[in-house]
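run18.tsv follows (TSV, C-alpha atoms):
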```tsv
chain	number	residue	atom	x	y	z
A	37	MET	CA	29.44	-56.11	6.86
A	38	PHE	CA	27.54	-53.76	4.57
A	39	LYS	CA	24.06	-52.81	5.72
A	40	ILE	CA	21.28	-53.47	3.20
A	41	TYR	CA	18.91	-50.47	2.95
A	42	PRO	CA	15.19	-51.17	2.62
A	43	MET	CA	13.70	-50.18	-0.71
A	44	ARG	CA	11.83	-47.19	0.75
A	45	LYS	CA	15.06	-45.72	2.18
A	46	LEU	CA	16.73	-46.11	-1.20
A	47	ILE	CA	13.88	-44.24	-2.89
A	48	VAL	CA	14.17	-41.39	-0.38
A	49	LEU	CA	17.92	-41.23	-0.98
A	50	VAL	CA	17.39	-40.96	-4.75
A	51	PHE	CA	14.92	-38.10	-4.31
A	52	VAL	CA	17.33	-36.26	-2.02
A	53	CYS	CA	20.09	-36.55	-4.62
A	54	LEU	CA	17.77	-35.30	-7.34
A	55	SER	CA	16.85	-32.34	-5.14
A	56	PHE	CA	20.49	-31.32	-4.79
A	57	VAL	CA	20.92	-31.55	-8.57
A	58	SER	CA	17.84	-29.37	-9.03
A	59	LEU	CA	19.21	-26.75	-6.62
A	60	GLY	CA	22.32	-26.54	-8.76
A	61	GLN	CA	20.37	-25.57	-11.89
A	62	LYS	CA	20.35	-21.91	-12.87
A	63	SER	CA	17.76	-19.87	-14.76
A	64	PHE	CA	20.60	-18.21	-16.72
A	65	SER	CA	24.13	-19.30	-17.63
A	66	LYS	CA	26.73	-19.00	-20.38
A	67	GLY	CA	25.14	-19.82	-23.73
A	68	SER	CA	21.59	-18.94	-22.64
A	69	ILE	CA	19.36	-17.23	-25.19
A	70	VAL	CA	16.65	-14.95	-23.81
A	71	ILE	CA	13.84	-13.44	-25.89
A	72	ASP	CA	11.54	-11.00	-24.12
A	73	LEU	CA	8.49	-8.93	-24.97
A	74	ASN	CA	7.27	-6.08	-22.80
A	75	ALA	CA	5.00	-3.06	-22.50
A	76	ASN	CA	6.36	-0.04	-20.66
A	77	LEU	CA	5.33	3.42	-19.51
A	78	GLY	CA	7.54	6.41	-18.74
A	79	ILE	CA	7.26	9.84	-17.14
A	80	TYR	CA	9.92	12.22	-18.48
A	81	ASN	CA	10.96	15.78	-17.82
A	82	THR	CA	11.73	17.46	-21.17
A	83	VAL	CA	13.76	20.47	-22.26
A	84	ALA	CA	13.30	21.89	-25.76
A	85	GLN	CA	15.63	24.58	-27.09
A	86	ASP	CA	14.88	26.59	-30.21
A	87	SER	CA	17.83	27.70	-32.33
A	88	VAL	CA	17.47	30.18	-35.20
A	89	GLY	CA	20.90	31.37	-36.25
A	90	ARG	CA	21.92	31.77	-32.61
A	91	ALA	CA	24.11	29.77	-30.28
A	92	GLU	CA	21.18	29.39	-27.90
A	93	GLY	CA	17.47	29.94	-28.28
A	94	THR	CA	14.46	29.90	-26.02
A	95	LYS	CA	14.24	26.96	-23.63
A	96	GLU	CA	10.95	25.35	-22.69
A	97	THR	CA	10.43	22.68	-20.04
A	98	ASP	CA	7.53	20.24	-20.00
A	99	LYS	CA	6.44	16.70	-19.16
A	100	ALA	CA	6.15	13.74	-21.52
A	101	VAL	CA	4.45	10.38	-21.00
A	102	PRO	CA	5.56	7.73	-23.53
A	103	TYR	CA	4.18	4.20	-23.65
A	104	ALA	CA	5.95	1.58	-25.71
A	105	PHE	CA	6.21	-2.04	-26.78
A	106	ALA	CA	9.65	-3.62	-26.96
A	107	LEU	CA	11.16	-6.87	-28.21
A	108	GLY	CA	14.60	-7.91	-26.96
A	109	PHE	CA	17.21	-10.61	-27.55
A	110	GLU	CA	20.10	-11.58	-25.25
A	111	TYR	CA	22.94	-14.09	-25.39
A	112	GLY	CA	24.94	-15.26	-22.38
A	113	VAL	CA	28.65	-14.62	-23.03
A	114	LEU	CA	29.43	-15.56	-19.41
A	115	ASP	CA	27.44	-17.12	-16.57
A	116	PHE	CA	26.78	-13.66	-15.18
A	117	LEU	CA	26.95	-11.48	-18.32
A	118	SER	CA	24.80	-11.16	-21.44
A	119	VAL	CA	24.74	-8.88	-24.47
A	120	GLY	CA	21.95	-8.33	-26.95
A	121	ILE	CA	19.76	-5.99	-28.91
A	122	LYS	CA	16.33	-4.45	-28.35
A	123	GLY	CA	13.84	-2.73	-30.64
A	124	GLN	CA	11.08	-0.47	-29.36
A	125	LEU	CA	8.10	1.48	-30.76
A	126	SER	CA	6.71	4.27	-28.59
A	127	THR	CA	3.82	6.73	-28.61
A	128	TYR	CA	3.65	9.89	-26.52
A	129	LEU	CA	0.34	10.56	-24.80
A	130	GLN	CA	-1.22	13.94	-25.58
A	131	GLY	CA	-3.55	15.86	-23.30
A	132	SER	CA	-6.92	17.16	-24.44
A	133	ASP	CA	-7.11	20.57	-26.08
A	134	SER	CA	-9.94	22.83	-24.86
A	135	THR	CA	-9.77	24.91	-28.05
A	136	GLY	CA	-10.96	22.00	-30.18
A	137	LYS	CA	-7.79	21.82	-32.25
A	138	PRO	CA	-6.59	18.35	-33.35
A	139	ARG	CA	-4.13	16.76	-30.99
A	140	PRO	CA	-0.57	16.23	-32.26
A	141	THR	CA	0.82	12.75	-32.85
A	142	VAL	CA	4.29	11.97	-31.50
A	143	LYS	CA	5.90	8.59	-32.15
A	144	GLY	CA	9.38	7.21	-31.65
A	145	SER	CA	11.38	4.12	-32.59
A	146	ASP	CA	14.56	2.88	-30.92
A	147	ILE	CA	17.20	0.24	-31.59
A	148	VAL	CA	19.64	-0.22	-28.73
A	149	LEU	CA	22.52	-2.40	-27.55
A	150	VAL	CA	21.79	-4.28	-24.32
A	151	VAL	CA	24.42	-5.23	-21.69
A	152	ASN	CA	23.12	-7.08	-18.62
A	153	SER	CA	24.75	-8.48	-15.50
A	154	HIS	CA	22.90	-11.33	-13.76
A	155	LEU	CA	23.43	-10.65	-10.07
A	156	VAL	CA	21.33	-13.45	-8.56
A	157	ARG	CA	20.65	-16.70	-10.41
A	158	THR	CA	18.58	-19.57	-9.07
A	159	LYS	CA	16.41	-22.17	-10.75
A	160	ARG	CA	13.34	-19.93	-10.88
A	161	PHE	CA	14.76	-16.41	-10.40
A	162	ASP	CA	17.17	-14.11	-12.23
A	163	LEU	CA	17.97	-10.61	-10.94
A	164	VAL	CA	19.30	-8.47	-13.80
A	165	PHE	CA	21.06	-5.11	-13.63
A	166	GLY	CA	22.16	-3.47	-16.87
A	167	GLY	CA	21.99	-0.69	-19.39
A	168	ASN	CA	20.90	0.09	-22.95
A	169	PHE	CA	22.33	2.59	-25.42
A	170	GLY	CA	21.54	3.18	-29.07
A	171	TYR	CA	19.74	5.12	-31.80
A	172	SER	CA	16.34	6.78	-31.49
A	173	ASN	CA	14.10	8.36	-34.11
A	174	LEU	CA	11.26	10.81	-33.37
A	175	LYS	CA	8.39	12.01	-35.58
A	176	PHE	CA	6.01	14.81	-34.61
A	177	LYS	CA	2.85	15.64	-36.56
A	178	SER	CA	0.69	18.59	-35.54
A	179	ASN	CA	-2.27	17.28	-37.60
A	180	ASP	CA	-3.16	20.85	-38.60
A	181	ALA	CA	-4.28	22.16	-41.99
A	182	ASN	CA	-0.69	22.87	-43.09
A	183	GLY	CA	0.58	19.39	-42.29
A	184	SER	CA	3.24	20.75	-39.95
A	185	MET	CA	5.69	18.14	-38.74
A	186	ALA	CA	9.14	17.61	-37.27
A	187	LYS	CA	11.49	14.66	-37.31
A	188	GLY	CA	15.02	13.75	-36.41
A	189	GLY	CA	17.37	11.20	-34.89
A	190	GLY	CA	19.21	11.01	-31.60
A	191	VAL	CA	20.17	8.64	-28.82
A	192	ALA	CA	18.19	6.54	-26.34
A	193	TYR	CA	19.55	5.07	-23.11
A	194	ASP	CA	18.55	3.57	-19.78
A	195	ILE	CA	19.87	1.95	-16.62
A	196	HIS	CA	17.54	-0.76	-15.36
A	197	LEU	CA	16.93	-3.28	-12.59
A	198	THR	CA	14.91	-6.28	-13.77
A	199	PRO	CA	13.79	-9.23	-11.61
A	200	ARG	CA	12.79	-12.23	-13.73
A	201	LEU	CA	10.56	-14.97	-12.36
A	202	TYR	CA	10.30	-18.35	-14.11
A	203	PHE	CA	7.20	-20.55	-14.00
A	204	SER	CA	9.05	-23.36	-15.79
A	205	LYS	CA	12.54	-24.00	-17.12
A	206	ASN	CA	11.95	-21.88	-20.22
A	207	PHE	CA	9.07	-19.47	-19.57
A	208	GLY	CA	8.50	-16.64	-17.12
A	209	MET	CA	7.61	-13.01	-16.59
A	210	PHE	CA	9.44	-9.93	-15.38
A	211	SER	CA	9.04	-6.36	-14.20
A	212	SER	CA	11.60	-3.60	-14.69
A	213	LEU	CA	12.35	-0.22	-13.18
A	214	ALA	CA	14.65	2.10	-15.13
A	215	TYR	CA	16.05	5.58	-15.37
A	216	ALA	CA	15.66	6.27	-19.09
A	217	GLY	CA	16.11	9.11	-21.52
A	218	VAL	CA	16.32	10.36	-25.10
A	219	SER	CA	18.25	13.19	-26.69
A	220	TYR	CA	17.70	14.77	-30.13
A	221	LYS	CA	20.10	17.52	-31.20
A	222	LYS	CA	18.30	18.54	-34.39
A	223	LEU	CA	14.60	18.14	-35.00
A	224	LYS	CA	13.87	19.71	-38.39
A	225	PHE	CA	10.48	21.31	-39.01
A	226	SER	CA	8.49	21.44	-42.26
A	227	ASP	CA	4.96	21.74	-43.61
A	228	ASN	CA	3.12	21.40	-46.93
A	229	VAL	CA	4.36	24.83	-48.04
A	230	ARG	CA	8.00	25.08	-47.02
A	231	LYS	CA	10.82	23.72	-44.94
A	232	TYR	CA	11.93	25.75	-41.98
A	233	THR	CA	15.56	26.58	-41.48
A	234	GLU	CA	15.19	26.45	-37.71
A	235	THR	CA	15.94	23.36	-35.67
A	236	VAL	CA	15.02	22.37	-32.13
A	237	SER	CA	17.01	20.25	-29.70
A	238	LEU	CA	14.96	18.09	-27.35
A	239	LYS	CA	16.01	16.11	-24.29
A	240	GLY	CA	13.87	13.99	-22.01
A	241	SER	CA	14.63	11.74	-19.06
A	242	GLY	CA	12.82	10.15	-16.16
A	243	VAL	CA	11.40	6.95	-14.70
A	244	ASN	CA	10.28	4.02	-16.85
A	245	CYS	CA	8.38	0.93	-15.66
A	246	ALA	CA	7.91	-2.25	-17.71
A	247	LEU	CA	6.07	-5.55	-17.46
A	248	GLY	CA	6.61	-8.47	-19.80
A	249	PHE	CA	7.37	-12.11	-20.51
A	250	GLN	CA	10.58	-13.94	-21.40
A	251	VAL	CA	11.49	-17.27	-22.98
A	252	THR	CA	14.93	-18.78	-22.31
A	253	PHE	CA	16.75	-21.53	-24.21
A	254	GLY	CA	20.13	-23.20	-24.04
A	255	GLY	CA	22.72	-22.55	-21.40
A	256	GLU	CA	25.17	-24.84	-19.68
```
Render the structure in this file as structure tokens.
Amino acid sequence: MFKIYPMRKLIVLVFVCLSFVSLGQKSFSKGSIVIDLNANLGIYNTVAQDSVGRAEGTKETDKAVPYAFALGFEYGVLDFLSVGIKGQLSTYLQGSDSTGKPRPTVKGSDIVLVVNSHLVRTKRFDLVFGGNFGYSNLKFKSNDANGSMAKGGGVAYDIHLTPRLYFSKNFGMFSSLAYAGVSYKKLKFSDNVRKYTETVSLKGSGVNCALGFQVTFGGE
């Protein structure tokens, strides 16, 4: 004979089944769309090389501290793989000048391709490892009386590890640690009087830390 379960045992059994279904849900899967917004800060070592009709010019090393705001978009092509695009606007912090001269303004803008692998996926957690690569533009203004400036394009890249925490099915926050860099082969100088024939190559790379929020839709 079949045993008849009391109502309270049946309710417990239903909740247990629902719990197992919940454990099977993932924060990211094929078809997921992720939109994220973050603020980030970097510390880069830089190398600038002046070239005036020579194969190599004078090299100068320095430090750079960029802070930036970025907006990204990802699409899940597989349960563990996503591709997307990210745009970023950055400003380089300038130290004070004891001589009283105006401080230069240095700004950059990047548009990069994003490829991420999702190493650990649970209902409320997504551990992401990936890389970015794309185009970067830099503008330097000395803010002096001659309006001296430099500008040019190059590449931006990074390799990052990003743990994402979800407060609900769709919304959460993340932090990110990356090795990032930029490279500009030809920054052309000019002022209000003339354009210089010289160019400067500039490379910078170092550690970048980010904090932001993400919204996720779709998925299987």
Compile a residue-level contact table for segment 119-230 of chain A against segment 242-247 of chain A at a cut-off of 7 Å, reporting for every qualifying residue the shortest atom pair and its distance in Å to one decimal, with all atoms listed in the file counted, rows ordered by chain and ascending number, as a Markdown table.
```
| residue | atom | partner | partner_atom | distance |
| --- | --- | --- | --- | --- |
| A:Phe210 | CA | A:Leu247 | CA | 5.9 |
| A:Ser211 | CA | A:Leu247 | CA | 4.5 |
| A:Ser212 | CA | A:Ala246 | CA | 5.0 |
| A:Leu213 | CA | A:Cys245 | CA | 4.8 |
| A:Ala214 | CA | A:Asn244 | CA | 5.1 |
| A:Tyr215 | CA | A:Val243 | CA | 4.9 |
| A:Ala216 | CA | A:Gly242 | CA | 5.6 |
| A:Gly217 | CA | A:Gly242 | CA | 6.4 |
```
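Distance-wise, atom CA of Lys187 of chain A and atom CA of Ser219 of chain A end up 12.7 Å apart.
With atom CA of Val150 of chain A on one side and atom CA of Lys221 of chain A on the other, the separation reads 22.9 Å.
By all atoms listed in the file, and with residues fewer than 3 positions from segment 183-186 of chain A along its chain excluded, the set lying at most 8 Å from it is Lys175, Phe176, Lys177, Ser178, Asn179, Asp180, Leu223, Lys224, Phe225, Ser226, Asp227 and Asn228 of chain A.
Nearest to Leu77 of chain A of all the residues A:Gly108, A:Pro102, A:Gly166, A:Gly188 is A:Pro102, counting all atoms listed in the file.
Between atom CA of Ser145 of chain A and atom CA of Gly123 of chain A the separation is 7.5 Å.
The shortest atom-to-atom distance to Ser65 of chain A, with only C-alpha atoms taken into account, belongs to A:Ser153 out of A:Ser153, A:Ser172, A:Gln250, A:Ser237.
Distances to Tyr220 of chain A were evaluated for A:Ile147, A:Val83, A:Thr252, A:Leu201 using only C-alpha atoms, and the minimum falls at A:Val83.
Contact shell of Val251 of chain A at 7 Å (only C-alpha atoms; same-chain neighbours under 6 positions omitted): Val70, Ile71, Asp72, Asn206, Phe207 and Gly208 of chain A.
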Preceding selection exported with C-alpha atoms as an mmCIF file, in the coordinates of the input:
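Output (again_22.cif):
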```cif
data_model
loop_
_atom_site.group_PDB
_atom_site.id
_atom_site.type_symbol
_atom_site.label_atom_id
_atom_site.label_comp_id
_atom_site.auth_asym_id
_atom_site.auth_seq_id
_atom_site.Cartn_x
_atom_site.Cartn_y
_atom_site.Cartn_z
ATOM 1 C CA VAL A 70 16.650 -14.950 -23.810
ATOM 2 C CA ILE A 71 13.840 -13.440 -25.890
ATOM 3 C CA ASP A 72 11.540 -11.000 -24.120
ATOM 4 C CA ASN A 206 11.950 -21.880 -20.220
ATOM 5 C CA PHE A 207 9.070 -19.470 -19.570
ATOM 6 C CA GLY A 208 8.500 -16.640 -17.120
#
```
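Proximity ranking of A:Phe165, A:Tyr80, A:Phe249, A:Phe203 relative to Phe105 of chain A places A:Phe249 first, based on only C-alpha atoms.
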> Which of these residues is nearest to Leu163 of chain A, using only C-alpha atoms: A:Phe253, A:Tyr202, A:Phe109, A:Tyr103?
Replying inline: A:Tyr202
>> Taking 4 positions as the minimum chain separation for residues in the same chain, which residues sit within 7 Å of Ala100 of chain A when counting all atoms listed in the file? Answer as a ChimeraX atom specification.
In response: /A:79-82,128
Show me, as lines of an AutoDock Vina configuration file, the centre and edge lengths in Å to one decimal of the axis-aligned box that covers every listed atom of segment 203-210 of chain A with 5 Å on each side.
```
center_x = 9.9
center_y = -17.0
center_z = -17.1
size_x = 15.3
size_y = 24.1
size_z = 16.2
```
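Proximity to Tyr193 of chain A was assessed for A:Thr158, A:Thr97, A:Gln124, A:Ser63 counting all atoms listed in the file; the smallest distance is recorded for A:Gln124.
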